[in-house]
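**Q** I'd like to ask you about the structure that follows.
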Amino acid sequence: QVQLVESGGGLVQAGGSLRLSCTASGSIINILDMAWYRQAPGLQRELVAVSTSGGHTTYADSVKGRFTISRDNAKNMVYLQMNSLKPEDTAVYFCSGRKPFSRVYDYWGQGTQVTIAS
């Protein structure tokens with residue numbers, strides 16, 4: 001079983017930056033696709049960024065050019081660097097992991113709150 005713990009959320013002014021971190025227990029994230037999701041109040045959870053086990057990254061259109069997902073498999077860490085933050089980025093951000101051949105994300109963290117003040 002993989003456990004994921006997010007950190008790094010907080011309150012920043014619009015235009016600022018934050019770096020979220022996700023610590024994974026166990027030593028298997030090298031075979032997992034890892035992703036960051038977010039959920040704003042009253043809205044559905046949305047996929048923000050993906051880092052596949054093969055090294056590919058994809059982003060939601062709303063964050064392209066501003067957010068960067070990265071991973072350090074040796075440290076079992078996944079990061080989300082968020083720049084040029086906007087009030088609409090306010091949400092709870094979740095780290096998640098997907099096993100090979102799985103259709104859904106199997107592992108989830110508890111989330112970390114990100115609040116952007118205008």
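Chain labels follow the order of the structure tokens: the first chain is A, the next B, and so on; residue numbering restarts at 1 in every chain, and ligands are counted from 1 in their shown order.
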Determine, counting only C-alpha atoms, which protein, DNA and RNA residues have an atom within 8 Å of an atom of segment 6-20 of chain A; residues of the same chain fewer than 3 positions away are not included. Present the result as JSON, numbers by chain.
**A** {"A": [23, 79, 80, 81, 82, 83, 84, 85, 86, 87, 94, 95, 109, 110, 111, 112, 113, 114, 115, 116, 117, 118]}
**Q** At a cut-off of 9 Å, using only C-alpha atoms, what residues contact Tyr105 of chain A? Leave out same-chain residues fewer than 2 positions from it and give the result as a list in words.
**A**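 The residues that qualify are Asp33, Met34, Ala35, Ser96, Gly97, Arg98, Lys99, Ser102, Arg103, Tyr107 and Trp108 of chain A.
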**Q** Do you know which residues are at most 10 Å from Gln39 of chain A counting only C-alpha atoms, after dropping those on the same chain fewer than 2 positions away, and could you put them as a count of residues only?
**A** 17
**Q** In chain A, what's strand (DSSP E or B) per DSSP? Answer as a VMD selection string?
**A** chain A and resid 4 to 7 10 to 13 18 to 24 33 to 39 46 to 51 57 to 59 67 to 72 77 to 82 91 to 98 107 to 108 112 to 117
**Q** Mind checking which residues fall within 9 Å of Thr57 of chain A, counting only C-alpha atoms, ignoring those fewer than 3 positions away in the same chain, and posting them as a list in words?
**A**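 Result of the neighbour search: Ala49, Val50, Ser51, Thr52, Thr68, Ile69 and Ser70 of chain A.
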**Q** Grab the residues selected above and save them as a compact mmCIF listing (two decimals), in the first residue's frame with N, CA, C and O atoms.
**A**
# COMPACT_ATOMS: atom_id res chain seq x y z
N ALA A 49 -2.08 18.15 -13.39
CA ALA A 49 -0.84 17.78 -14.06
C ALA A 49 -0.55 16.31 -13.82
O ALA A 49 -0.91 15.76 -12.77
N VAL A 50 0.11 15.69 -14.80
CA VAL A 50 0.47 14.28 -14.72
C VAL A 50 1.94 14.11 -15.06
O VAL A 50 2.44 14.75 -15.99
N SER A 51 2.59 13.24 -14.32
CA SER A 51 3.95 12.80 -14.65
C SER A 51 3.90 11.28 -14.76
O SER A 51 3.69 10.59 -13.76
N THR A 52 4.08 10.76 -15.97
CA THR A 52 3.98 9.32 -16.13
C THR A 52 5.28 8.64 -15.70
O THR A 52 6.34 9.26 -15.58
N THR A 68 4.53 23.40 -13.05
CA THR A 68 5.45 22.36 -13.50
C THR A 68 5.42 21.21 -12.52
O THR A 68 5.64 21.40 -11.32
N ILE A 69 5.15 20.01 -13.04
CA ILE A 69 5.19 18.81 -12.21
C ILE A 69 6.55 18.15 -12.40
O ILE A 69 7.10 18.12 -13.50
N SER A 70 7.08 17.65 -11.30
CA SER A 70 8.36 16.95 -11.38
C SER A 70 8.37 15.85 -10.33
O SER A 70 7.52 15.83 -9.43
